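> Data file target_7.cif (mmCIF, C-alpha atoms (C1' of nucleotides)) is appended below.
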```cif
data_run
#
loop_
_atom_site.label_atom_id
_atom_site.label_comp_id
_atom_site.auth_asym_id
_atom_site.auth_seq_id
_atom_site.Cartn_x
_atom_site.Cartn_y
_atom_site.Cartn_z
CA MET A 1 -67.80 78.91 -9.54
CA THR A 2 -67.43 75.24 -9.00
CA VAL A 3 -70.70 73.37 -8.90
CA LEU A 4 -71.24 70.10 -7.16
CA GLN A 5 -72.99 67.41 -9.13
CA GLY A 6 -74.11 63.99 -8.05
CA ARG A 7 -76.55 62.01 -6.08
CA LEU A 8 -76.11 63.63 -2.72
CA ALA A 9 -78.85 66.07 -1.91
CA ASP A 10 -77.29 67.18 1.34
CA ARG A 11 -74.24 69.26 0.71
CA ASP A 12 -73.08 68.69 4.29
CA ALA A 13 -72.61 65.04 3.48
CA TRP A 14 -69.99 65.80 0.86
CA SER A 15 -67.20 66.57 3.24
CA ALA A 16 -67.70 63.19 4.83
CA VAL A 17 -67.67 61.28 1.56
CA GLY A 18 -64.62 59.08 1.70
CA GLU A 19 -62.75 61.74 3.64
CA CYS A 20 -61.23 64.45 1.53
CA PRO A 21 -57.87 63.69 -0.11
CA VAL A 22 -56.88 67.33 0.36
CA GLU A 23 -57.15 66.91 4.10
CA LYS A 24 -55.14 63.71 4.12
CA THR A 25 -52.47 65.20 1.91
CA MET A 26 -52.17 68.22 4.19
CA ALA A 27 -51.90 65.95 7.22
CA LEU A 28 -48.93 64.27 5.58
CA LEU A 29 -47.19 67.12 3.78
CA GLY A 30 -48.70 70.24 5.25
CA THR A 31 -45.56 71.63 6.81
CA LYS A 32 -43.27 74.25 5.42
CA THR A 33 -40.28 71.96 5.78
CA ALA A 34 -41.86 69.01 3.95
CA MET A 35 -42.91 71.20 1.06
CA LEU A 36 -39.46 72.76 0.79
CA ILE A 37 -37.81 69.37 0.93
CA MET A 38 -39.88 68.36 -2.08
CA ARG A 39 -38.91 71.57 -3.83
CA GLU A 40 -35.25 70.78 -3.15
CA ALA A 41 -35.68 67.25 -4.41
CA TYR A 42 -37.06 68.69 -7.66
CA TYR A 43 -34.08 71.00 -7.81
CA GLY A 44 -31.96 67.88 -7.73
CA THR A 45 -30.84 67.79 -4.11
CA THR A 46 -30.25 64.32 -2.66
CA ARG A 47 -27.86 64.70 0.28
CA PHE A 48 -28.94 65.30 3.86
CA ASP A 49 -26.50 68.12 4.39
CA ASP A 50 -27.68 69.94 1.29
CA PHE A 51 -31.34 69.63 2.28
CA TRP A 52 -31.15 71.26 5.68
CA ARG A 53 -28.70 73.95 4.66
CA ARG A 54 -30.42 74.99 1.46
CA ILE A 55 -33.84 75.00 3.07
CA GLY A 56 -32.57 76.83 6.11
CA VAL A 57 -33.98 74.59 8.83
CA THR A 58 -32.29 72.67 11.61
CA LYS A 59 -30.98 69.20 11.03
CA ALA A 60 -33.52 67.85 13.49
CA ALA A 61 -36.44 69.28 11.52
CA ALA A 62 -35.02 68.10 8.21
CA ALA A 63 -34.39 64.59 9.53
CA ALA A 64 -37.92 64.31 10.93
CA ARG A 65 -39.57 65.45 7.70
CA LEU A 66 -37.27 63.38 5.49
CA SER A 67 -38.17 60.25 7.41
CA GLU A 68 -41.87 61.00 7.07
CA LEU A 69 -41.49 61.54 3.34
CA VAL A 70 -39.66 58.23 3.02
CA ASP A 71 -42.36 56.47 5.03
CA ALA A 72 -45.03 58.11 2.89
CA GLY A 73 -43.30 56.84 -0.23
CA LEU A 74 -42.35 60.15 -1.84
CA LEU A 75 -38.64 59.68 -1.28
CA GLU A 76 -36.45 56.62 -1.13
CA ARG A 77 -33.20 56.08 0.75
CA ARG A 78 -30.52 54.77 -1.58
CA PRO A 79 -27.03 53.84 -0.44
CA TYR A 80 -24.09 55.47 -2.16
CA ARG A 81 -20.39 55.54 -1.48
CA GLU A 82 -17.92 58.34 -2.02
CA PRO A 83 -14.39 57.09 -2.80
CA GLY A 84 -12.64 56.40 0.47
CA GLN A 85 -15.74 57.03 2.57
CA ARG A 86 -18.19 54.76 4.32
CA SER A 87 -21.54 54.01 2.69
CA ARG A 88 -24.24 56.61 3.23
CA ASP A 89 -27.82 57.19 2.16
CA GLU A 90 -29.14 59.69 -0.31
CA TYR A 91 -32.77 60.63 -0.80
CA VAL A 92 -34.16 60.15 -4.28
CA LEU A 93 -37.60 60.80 -5.67
CA THR A 94 -39.99 57.93 -6.21
CA ALA A 95 -42.77 57.93 -8.81
CA ALA A 96 -45.18 59.13 -6.11
CA GLY A 97 -42.75 61.91 -5.27
CA GLU A 98 -42.61 63.02 -8.89
CA ASP A 99 -46.39 62.96 -9.03
CA PHE A 100 -46.38 65.55 -6.27
CA MET A 101 -44.69 68.10 -8.54
CA PRO A 102 -47.92 69.85 -9.58
CA VAL A 103 -48.63 70.73 -5.96
CA VAL A 104 -45.25 72.34 -5.34
CA TRP A 105 -45.02 74.10 -8.68
CA ALA A 106 -48.61 75.31 -8.44
CA MET A 107 -47.63 76.97 -5.16
CA PHE A 108 -44.54 78.34 -6.81
CA GLU A 109 -46.54 79.86 -9.64
CA TRP A 110 -49.25 81.25 -7.39
CA GLY A 111 -46.72 82.84 -5.05
CA ARG A 112 -44.72 84.23 -7.92
CA ARG A 113 -47.79 85.93 -9.36
CA HIS A 114 -49.66 87.02 -6.28
CA LEU A 115 -47.09 87.72 -3.60
CA PRO A 116 -44.52 90.49 -3.63
CA ASN A 117 -41.23 88.98 -4.73
CA ARG A 118 -38.60 89.40 -7.33
CA THR A 119 -37.62 85.85 -7.99
CA PRO A 120 -35.98 85.56 -11.39
CA LEU A 121 -36.82 81.85 -11.45
CA ARG A 122 -39.19 80.46 -14.05
CA LEU A 123 -40.41 77.00 -14.93
CA ALA A 124 -39.64 75.97 -18.46
CA HIS A 125 -40.00 73.06 -20.86
CA ALA A 126 -36.49 71.84 -21.57
CA ASP A 127 -37.38 70.38 -24.96
CA CYS A 128 -38.82 73.51 -26.53
CA GLY A 129 -37.62 76.28 -24.23
CA ALA A 130 -41.06 77.77 -23.59
CA GLU A 131 -42.13 78.79 -20.10
CA ALA A 132 -44.24 76.27 -18.24
CA SER A 133 -46.92 76.47 -15.60
CA VAL A 134 -49.53 74.38 -13.86
CA GLU A 135 -53.00 74.14 -15.34
CA ILE A 136 -56.22 72.20 -15.06
CA ARG A 137 -57.08 70.23 -18.16
CA CYS A 138 -59.59 67.55 -19.03
CA GLU A 139 -58.82 64.24 -20.67
CA LYS A 140 -59.81 65.63 -24.02
CA GLY A 141 -57.12 68.24 -23.69
CA HIS A 142 -59.29 71.29 -23.06
CA ARG A 143 -58.01 73.84 -20.65
CA VAL A 144 -60.59 74.03 -17.85
CA PRO A 145 -61.29 77.53 -16.49
CA PRO A 146 -62.62 77.89 -12.91
CA ASP A 147 -66.23 78.24 -13.96
CA GLU A 148 -66.14 75.09 -16.07
CA LEU A 149 -64.71 72.86 -13.35
CA VAL A 150 -67.12 70.62 -11.46
CA VAL A 151 -66.72 68.01 -8.77
CA ARG A 152 -68.94 65.01 -9.24
CA THR A 153 -69.41 61.53 -7.83
CA VAL A 154 -68.73 58.38 -9.73
CA ARG A 155 -70.48 55.15 -8.84
CA SER A 156 -68.15 52.51 -7.51
CA MET B 157 -35.12 65.08 -12.71
CA THR B 158 -35.33 68.81 -12.67
CA VAL B 159 -32.21 70.57 -13.74
CA LEU B 160 -31.25 74.05 -12.73
CA GLN B 161 -30.13 76.34 -15.50
CA GLY B 162 -28.87 79.86 -15.36
CA ARG B 163 -26.06 82.10 -14.38
CA LEU B 164 -25.59 81.00 -10.81
CA ALA B 165 -22.69 78.68 -10.35
CA ASP B 166 -23.31 78.13 -6.66
CA ARG B 167 -26.43 76.06 -6.14
CA ASP B 168 -26.58 77.19 -2.51
CA ALA B 169 -27.35 80.69 -3.72
CA TRP B 170 -30.54 79.57 -5.44
CA SER B 171 -32.59 79.28 -2.32
CA ALA B 172 -31.75 82.86 -1.50
CA VAL B 173 -32.67 84.21 -4.93
CA GLY B 174 -35.65 86.44 -4.38
CA GLU B 175 -36.86 84.17 -1.62
CA CYS B 176 -38.81 81.17 -2.80
CA PRO B 177 -42.49 81.72 -3.61
CA VAL B 178 -43.25 78.23 -2.33
CA GLU B 179 -42.02 79.22 1.11
CA LYS B 180 -44.04 82.42 1.14
CA THR B 181 -47.15 80.65 -0.05
CA MET B 182 -46.79 78.04 2.66
CA ALA B 183 -46.33 80.75 5.28
CA LEU B 184 -49.65 82.23 4.22
CA LEU B 185 -51.74 79.19 3.36
CA GLY B 186 -49.83 76.28 4.80
CA THR B 187 -52.42 75.18 7.32
CA LYS B 188 -54.96 72.42 7.01
CA THR B 189 -57.80 74.81 7.82
CA ALA B 190 -56.82 77.43 5.21
CA MET B 191 -56.51 74.78 2.51
CA LEU B 192 -59.88 73.27 3.39
CA ILE B 193 -61.51 76.69 3.43
CA MET B 194 -60.30 77.18 -0.13
CA ARG B 195 -61.63 73.76 -1.04
CA GLU B 196 -65.01 74.71 0.42
CA ALA B 197 -64.98 78.00 -1.45
CA TYR B 198 -64.44 76.03 -4.67
CA TYR B 199 -67.33 73.78 -3.68
CA GLY B 200 -69.43 76.93 -3.55
CA THR B 201 -69.54 77.60 0.19
CA THR B 202 -69.78 81.27 1.17
CA ARG B 203 -71.35 81.42 4.65
CA PHE B 204 -69.39 81.37 7.88
CA ASP B 205 -71.55 78.71 9.46
CA ASP B 206 -71.16 76.40 6.49
CA PHE B 207 -67.40 76.80 6.44
CA TRP B 208 -66.67 75.71 9.97
CA ARG B 209 -69.25 72.94 10.06
CA ARG B 210 -68.39 71.40 6.71
CA ILE B 211 -64.67 71.56 7.37
CA GLY B 212 -65.06 70.25 10.88
CA VAL B 213 -63.05 72.84 12.76
CA THR B 214 -63.96 75.21 15.57
CA LYS B 215 -65.48 78.58 14.82
CA ALA B 216 -62.40 80.22 16.28
CA ALA B 217 -60.08 78.44 13.88
CA ALA B 218 -62.32 79.12 10.90
CA ALA B 219 -62.66 82.81 11.78
CA ALA B 220 -58.91 83.23 12.15
CA ARG B 221 -58.13 81.56 8.83
CA LEU B 222 -60.95 83.33 6.98
CA SER B 223 -59.64 86.71 8.10
CA GLU B 224 -56.16 85.81 6.95
CA LEU B 225 -57.46 84.71 3.56
CA VAL B 226 -59.38 87.98 3.22
CA ASP B 227 -56.27 89.94 4.17
CA ALA B 228 -54.23 87.94 1.70
CA GLY B 229 -56.72 88.75 -1.05
CA LEU B 230 -58.00 85.25 -1.83
CA LEU B 231 -61.43 85.89 -0.39
CA GLU B 232 -63.57 89.00 -0.18
CA ARG B 233 -66.23 89.90 2.38
CA ARG B 234 -69.42 90.90 0.64
CA PRO B 235 -72.52 92.09 2.48
CA TYR B 236 -75.77 90.28 1.81
CA ARG B 237 -79.19 90.42 3.41
CA GLU B 238 -81.66 87.62 3.92
CA PRO B 239 -85.27 88.84 3.86
CA GLY B 240 -86.17 90.08 7.30
CA GLN B 241 -82.62 89.69 8.63
CA ARG B 242 -79.87 92.13 9.34
CA SER B 243 -77.02 92.52 6.85
CA ARG B 244 -74.26 89.95 7.08
CA ASP B 245 -71.05 89.14 5.24
CA GLU B 246 -70.35 86.25 2.96
CA TYR B 247 -66.96 85.15 1.72
CA VAL B 248 -66.54 85.07 -2.03
CA LEU B 249 -63.57 84.11 -4.15
CA THR B 250 -61.44 86.80 -5.73
CA ALA B 251 -59.42 86.34 -8.91
CA ALA B 252 -56.38 85.52 -6.77
CA GLY B 253 -58.47 82.96 -4.93
CA GLU B 254 -59.49 81.30 -8.16
CA ASP B 255 -55.88 81.26 -9.26
CA PHE B 256 -55.14 79.15 -6.22
CA MET B 257 -57.30 76.29 -7.56
CA PRO B 258 -54.41 74.35 -9.10
CA VAL B 259 -52.77 74.03 -5.68
CA VAL B 260 -55.86 72.61 -3.97
CA TRP B 261 -56.89 70.34 -6.82
CA ALA B 262 -53.34 69.11 -7.31
CA MET B 263 -53.39 68.03 -3.66
CA PHE B 264 -56.77 66.48 -4.23
CA GLU B 265 -55.54 64.48 -7.20
CA TRP B 266 -52.31 63.41 -5.53
CA GLY B 267 -54.13 62.27 -2.40
CA ARG B 268 -56.76 60.48 -4.39
CA ARG B 269 -54.14 58.53 -6.30
CA HIS B 270 -51.51 57.90 -3.68
CA LEU B 271 -53.30 57.68 -0.35
CA PRO B 272 -55.71 54.98 0.73
CA ASN B 273 -59.21 56.35 0.28
CA ARG B 274 -62.40 55.58 -1.48
CA THR B 275 -63.59 59.00 -2.40
CA PRO B 276 -66.07 58.77 -5.26
CA LEU B 277 -65.35 62.42 -6.11
CA ARG B 278 -63.76 63.33 -9.43
CA LEU B 279 -62.89 66.58 -11.11
CA ALA B 280 -64.58 67.07 -14.44
CA HIS B 281 -64.89 69.54 -17.27
CA ALA B 282 -68.51 70.71 -17.23
CA ASP B 283 -68.54 71.58 -20.91
CA CYS B 284 -67.49 68.22 -22.28
CA GLY B 285 -68.00 65.88 -19.36
CA ALA B 286 -64.48 64.44 -19.40
CA GLU B 287 -62.52 63.96 -16.20
CA ALA B 288 -60.07 66.70 -15.38
CA SER B 289 -56.78 66.88 -13.53
CA VAL B 290 -53.85 69.16 -12.87
CA GLU B 291 -50.89 69.09 -15.21
CA ILE B 292 -47.77 70.97 -16.07
CA ARG B 293 -47.78 72.42 -19.58
CA CYS B 294 -45.62 74.86 -21.47
CA GLU B 295 -46.85 77.89 -23.37
CA LYS B 296 -46.73 75.97 -26.61
CA GLY B 297 -49.20 73.52 -25.17
CA HIS B 298 -46.87 70.56 -24.66
CA ARG B 299 -47.43 68.44 -21.62
CA VAL B 300 -44.22 68.63 -19.58
CA PRO B 301 -43.13 65.37 -17.90
CA PRO B 302 -40.92 65.58 -14.78
CA ASP B 303 -37.69 64.96 -16.66
CA GLU B 304 -38.38 67.75 -19.15
CA LEU B 305 -39.11 70.40 -16.54
CA VAL B 306 -36.36 72.86 -15.72
CA VAL B 307 -36.07 75.87 -13.47
CA ARG B 308 -34.11 78.72 -14.96
CA THR B 309 -33.35 82.36 -14.27
CA VAL B 310 -34.56 85.18 -16.41
CA ARG B 311 -32.66 88.44 -16.52
CA SER B 312 -34.59 91.35 -15.08
"C1'" DC C 313 -76.27 83.19 12.11
"C1'" DT C 314 -71.76 85.28 12.79
"C1'" DG C 315 -68.71 85.76 15.32
"C1'" DT C 316 -65.23 86.80 19.90
"C1'" DA C 317 -62.75 85.33 24.28
"C1'" DT C 318 -60.28 82.02 27.14
"C1'" DC C 319 -57.93 78.09 28.43
"C1'" DC C 320 -55.48 74.02 27.06
"C1'" DT C 321 -53.09 70.52 24.15
"C1'" DA C 322 -50.30 68.88 20.38
"C1'" DG C 323 -47.13 69.56 16.69
"C1'" DT C 324 -43.42 72.25 14.22
"C1'" DT C 325 -39.34 74.58 14.61
"C1'" DG C 326 -34.95 76.82 16.44
"C1'" DA C 327 -30.84 76.49 19.25
"C1'" DT C 328 -27.38 73.80 20.90
"C1'" DA C 329 -24.61 69.94 22.01
"C1'" DC C 330 -23.10 65.28 20.98
"C1'" DT C 331 -21.91 60.85 17.93
"C1'" DG C 332 -20.00 57.86 14.29
"C1'" DC D 333 -21.05 64.02 6.13
"C1'" DA D 334 -25.22 62.25 8.43
"C1'" DG D 335 -27.50 62.16 11.79
"C1'" DT D 336 -29.63 61.95 17.28
"C1'" DA D 337 -30.98 64.19 21.77
"C1'" DT D 338 -32.78 68.01 24.56
"C1'" DC D 339 -35.09 72.00 25.63
"C1'" DA D 340 -37.60 76.05 24.83
"C1'" DA D 341 -40.67 79.08 21.77
"C1'" DC D 342 -44.38 79.61 18.79
"C1'" DT D 343 -48.63 78.43 16.51
"C1'" DA D 344 -52.68 75.81 15.04
"C1'" DG D 345 -56.39 73.83 16.74
"C1'" DG D 346 -60.13 71.79 20.17
"C1'" DA D 347 -63.47 72.79 23.86
"C1'" DT D 348 -66.38 75.82 25.85
"C1'" DA D 349 -68.75 79.95 27.04
"C1'" DC D 350 -70.56 84.36 25.70
"C1'" DA D 351 -72.57 88.20 22.49
"C1'" DG D 352 -74.87 90.94 18.75
#
```
Represent the structure of the file as structure tokens.

Amino acid sequence: MTVLQGRLADRDAWSAVGECPVEKTMALLGTKTAMLIMREAYYGTTRFDDFWRRIGVTKAAAAARLSELVDAGLLERRPYREPGQRSRDEYVLTAAGEDFMPVVWAMFEWGRRHLPNRTPLRLAHADCGAEASVEIRCEKGHRVPPDELVVRTVRS
Amino acid sequence: MTVLQGRLADRDAWSAVGECPVEKTMALLGTKTAMLIMREAYYGTTRFDDFWRRIGVTKAAAAARLSELVDAGLLERRPYREPGQRSRDEYVLTAAGEDFMPVVWAMFEWGRRHLPNRTPLRLAHADCGAEASVEIRCEKGHRVPPDELVVRTVRS
DNA sequence: CTGTATCCTAGTTGATACTG
DNA sequence: CAGTATCAACTAGGATACAG
């Protein structure tokens, strides 16, 4: 499958190189609740009450994860005011939060295809109506199959 | 951002529709160790001893996660024999395991871009040498930006 | 090299009650 | 509606020892 290329002879040294971004990302977002909050945000949810009820977790869990996601810069608290109500906060996606979409939708697609379920939900491209999914592509636009993907080092 | 389309008037019902694949995927693979095992498998690791040492977890944790990944069908135990040694098992990727690549590499790319780190590692397309990343595309080949992605229901 | 067994700690979550 | 505060349950993971 994937082949490692670069200057490091000792494969064991790779894991230490700069500390893996996968590991750091999991440390930050590797909980069921955080991932589902992001899914909800992509669905368009912004209010606290909608988050915890739609996800099906307790308010305590939702509040803890929401705060972490705000601190991590994926969501932003933005004040809003319903007519006749006091000002409250809603949680809106930041650019970094939108950039996280491939992770969530890649999980969605993998689960949809490889786990038993009957979800009628599909990703689609609004502009042309075709179904969408998550793929690995190179800068030249080629689709990159597993056996053509390599991990290599770049010199700083 | 993402807009929900379909026949369901009540947004609260969406989360219940078929049970979300993201949630199921997280239940199965939502641990740091499982995700790093998949990363290692993509790096080309197949031996038990390499897995736990390169990932930096205990043998107990690695063994538990490896068994789960085998049960879930992402990895397969395959007997091999070193000359003069008894037969042992190695862990090799299945088709379902390869399909999981977009999840791991999407995390890799997000972490690399949005978390402080100096990893010199980059994904690349072996055939043409260009850098690679994970993107959302529709069947017609259009790149789908966040605001053009929708989730809709299909009738069974 | 490829694990298993045991004990212990830390983090996530559920349940429930309370506040503005 | 939008949280906070507690407490208890479960699980992942580290440390260590042992085994084929």
> Distance CA of Leu75 (chain A)-CA of His125 (chain A), one decimal place?
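CA of Leu75 (chain A) sits 23.8 Å away from CA of His125 (chain A).
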> Could the residues of chain D within 9 Å of chain A, counting all atoms listed in the file, be given as a list in words, please?
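Applying the cut-off to the listed atoms yields DC333, DA334, DG335 and DT336 of chain D.
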> List the neighbours of DG326 (chain C) out to 9 Å using all atoms listed in the file; skip same-chain residues closer than 6 positions along the sequence, and give me the result as a VMD selection string.
(chain A and resid 57 to 58) or (chain D and resid 340 to 341)
> If we count only C-alpha atoms (C1' of nucleotides) and set the cut-off at 12 Å, which residues sit around DT321 (chain C), ignoring sequence neighbours fewer than 3 positions away in its own chain? Please answer as a PDB file with C-alpha atoms (C1' of nucleotides), in the coordinates of the input.

```
ATOM      1  C1'  DT D 343     -48.630  78.430  16.510  1.00  0.00           C
ATOM      2  C1'  DA D 344     -52.680  75.810  15.040  1.00  0.00           C
ATOM      3  C1'  DG D 345     -56.390  73.830  16.740  1.00  0.00           C
ATOM      4  C1'  DG D 346     -60.130  71.790  20.170  1.00  0.00           C
ATOM      5  C1'  DA D 347     -63.470  72.790  23.860  1.00  0.00           C
TER       6       DA D 347
END
```
> Around region 323-331 of chain C, fit a box with edges along x, y and z, padding it by 3 Å on each side, then list its centre and edge lengths in Å to one decimal as lines of an AutoDock Vina configuration file.

```
center_x = -34.5
center_y = 68.8
center_z = 18.1
size_x = 31.2
size_y = 22.0
size_z = 13.8
```
> Could you please select, counting only C-alpha atoms (C1' of nucleotides), the residues of chain C within 12 Å of chain A and state them as an MDAnalysis selection string?
chainID C and resid 323:328 332
> Residues of chain B within 6 Å of chain A, using all atoms listed in the file, as an MDAnalysis selection string?
chainID B and resid 158 168 174 177:178 181:182 188 198:199 210 258:259 262:264 267:268 274:282 286:295 304:310
> Between CA of Leu222 (chain B) and CA of Glu68 (chain A), what is the spacing in Å?
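So the answer is 29.4 Å.
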> Determine the residue set returned by the PyMOL selection byres ((chain C and resi 329) around 9) for the present structure, and present it as a PDB file with C-alpha atoms (C1' of nucleotides), keeping the file's coordinate frame.

```
ATOM      1  C1'  DT C 328     -27.380  73.800  20.900  1.00  0.00           C
ATOM      2  C1'  DC C 330     -23.100  65.280  20.980  1.00  0.00           C
TER       3       DC C 330
ATOM      4  C1'  DA D 337     -30.980  64.190  21.770  1.00  0.00           C
ATOM      5  C1'  DT D 338     -32.780  68.010  24.560  1.00  0.00           C
TER       6       DT D 338
END
```
> One decimal, Å: what's the distance from CA of Ala34 (chain A) over to CA of Tyr91 (chain A), could you say?
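For CA of Ala34 (chain A) relative to CA of Tyr91 (chain A), the distance reads 13.2 Å.
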> Kindly provide, as number ranges by chain, the polymer residues lying within 12 Å of (-72.9, 78.5, 23.6), counting only C-alpha atoms (C1' of nucleotides) and using the coordinates exactly as they appear in the file.
B: 215; C: 315-316; D: 347-351
> Store the residues picked out above in a file with C-alpha atoms (C1' of nucleotides), as a PDB file, in the coordinates of the input.

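Done, and the output landed in out33.pdb:
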```pdb
ATOM      1  CA  LYS B 215     -65.480  78.580  14.820  1.00  0.00           C
TER       2      LYS B 215
ATOM      3  C1'  DG C 315     -68.710  85.760  15.320  1.00  0.00           C
ATOM      4  C1'  DT C 316     -65.230  86.800  19.900  1.00  0.00           C
TER       5       DT C 316
ATOM      6  C1'  DA D 347     -63.470  72.790  23.860  1.00  0.00           C
ATOM      7  C1'  DT D 348     -66.380  75.820  25.850  1.00  0.00           C
ATOM      8  C1'  DA D 349     -68.750  79.950  27.040  1.00  0.00           C
ATOM      9  C1'  DC D 350     -70.560  84.360  25.700  1.00  0.00           C
ATOM     10  C1'  DA D 351     -72.570  88.200  22.490  1.00  0.00           C
TER      11       DA D 351
END
```
> Some atoms are missing, so please complete region 246-253 of chain B with all heavy atoms and return it as a short mmCIF file (atom, residue, chain, number, x, y, z; two decimals), in the frame of the given file.

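Final output, saved to selection_17.cif:
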```cif
data_model
loop_
_atom_site.label_atom_id
_atom_site.label_comp_id
_atom_site.auth_asym_id
_atom_site.auth_seq_id
_atom_site.Cartn_x
_atom_site.Cartn_y
_atom_site.Cartn_z
N GLU B 246 -70.69 87.58 3.46
CA GLU B 246 -70.35 86.25 2.96
C GLU B 246 -68.96 86.34 2.34
O GLU B 246 -68.48 87.42 2.03
CB GLU B 246 -71.38 85.73 1.96
CG GLU B 246 -71.61 86.59 0.77
CD GLU B 246 -72.72 86.02 -0.12
OE1 GLU B 246 -73.23 84.94 0.19
OE2 GLU B 246 -73.06 86.68 -1.11
N TYR B 247 -68.33 85.19 2.21
CA TYR B 247 -66.96 85.15 1.72
C TYR B 247 -66.95 84.62 0.29
O TYR B 247 -67.31 83.47 0.06
CB TYR B 247 -66.11 84.26 2.62
CG TYR B 247 -66.05 84.76 4.05
CD1 TYR B 247 -67.04 84.45 4.96
CD2 TYR B 247 -65.01 85.59 4.46
CE1 TYR B 247 -67.01 84.92 6.26
CE2 TYR B 247 -64.96 86.07 5.76
CZ TYR B 247 -65.96 85.74 6.66
OH TYR B 247 -65.92 86.22 7.94
N VAL B 248 -66.55 85.49 -0.63
CA VAL B 248 -66.54 85.07 -2.03
C VAL B 248 -65.13 85.10 -2.60
O VAL B 248 -64.29 85.90 -2.18
CB VAL B 248 -67.46 85.96 -2.89
CG1 VAL B 248 -68.89 85.89 -2.38
CG2 VAL B 248 -66.95 87.39 -2.88
N LEU B 249 -64.89 84.22 -3.53
CA LEU B 249 -63.57 84.11 -4.15
C LEU B 249 -63.21 85.35 -4.95
O LEU B 249 -64.04 85.90 -5.67
CB LEU B 249 -63.55 82.89 -5.09
CG LEU B 249 -63.47 81.52 -4.43
CD1 LEU B 249 -63.84 80.44 -5.43
CD2 LEU B 249 -62.07 81.30 -3.87
N THR B 250 -61.96 85.75 -4.86
CA THR B 250 -61.44 86.80 -5.73
C THR B 250 -60.71 86.11 -6.90
O THR B 250 -60.63 84.89 -6.94
CB THR B 250 -60.41 87.67 -4.99
OG1 THR B 250 -59.31 86.83 -4.62
CG2 THR B 250 -61.03 88.30 -3.74
N ALA B 251 -60.19 86.92 -7.81
CA ALA B 251 -59.42 86.34 -8.91
C ALA B 251 -58.19 85.60 -8.38
O ALA B 251 -57.86 84.50 -8.83
CB ALA B 251 -58.99 87.44 -9.89
N ALA B 252 -57.54 86.18 -7.37
CA ALA B 252 -56.38 85.52 -6.77
C ALA B 252 -56.78 84.21 -6.12
O ALA B 252 -56.03 83.23 -6.15
CB ALA B 252 -55.72 86.45 -5.75
N GLY B 253 -57.97 84.19 -5.53
CA GLY B 253 -58.47 82.96 -4.93
C GLY B 253 -58.73 81.88 -5.96
O GLY B 253 -58.42 80.71 -5.75
#
```
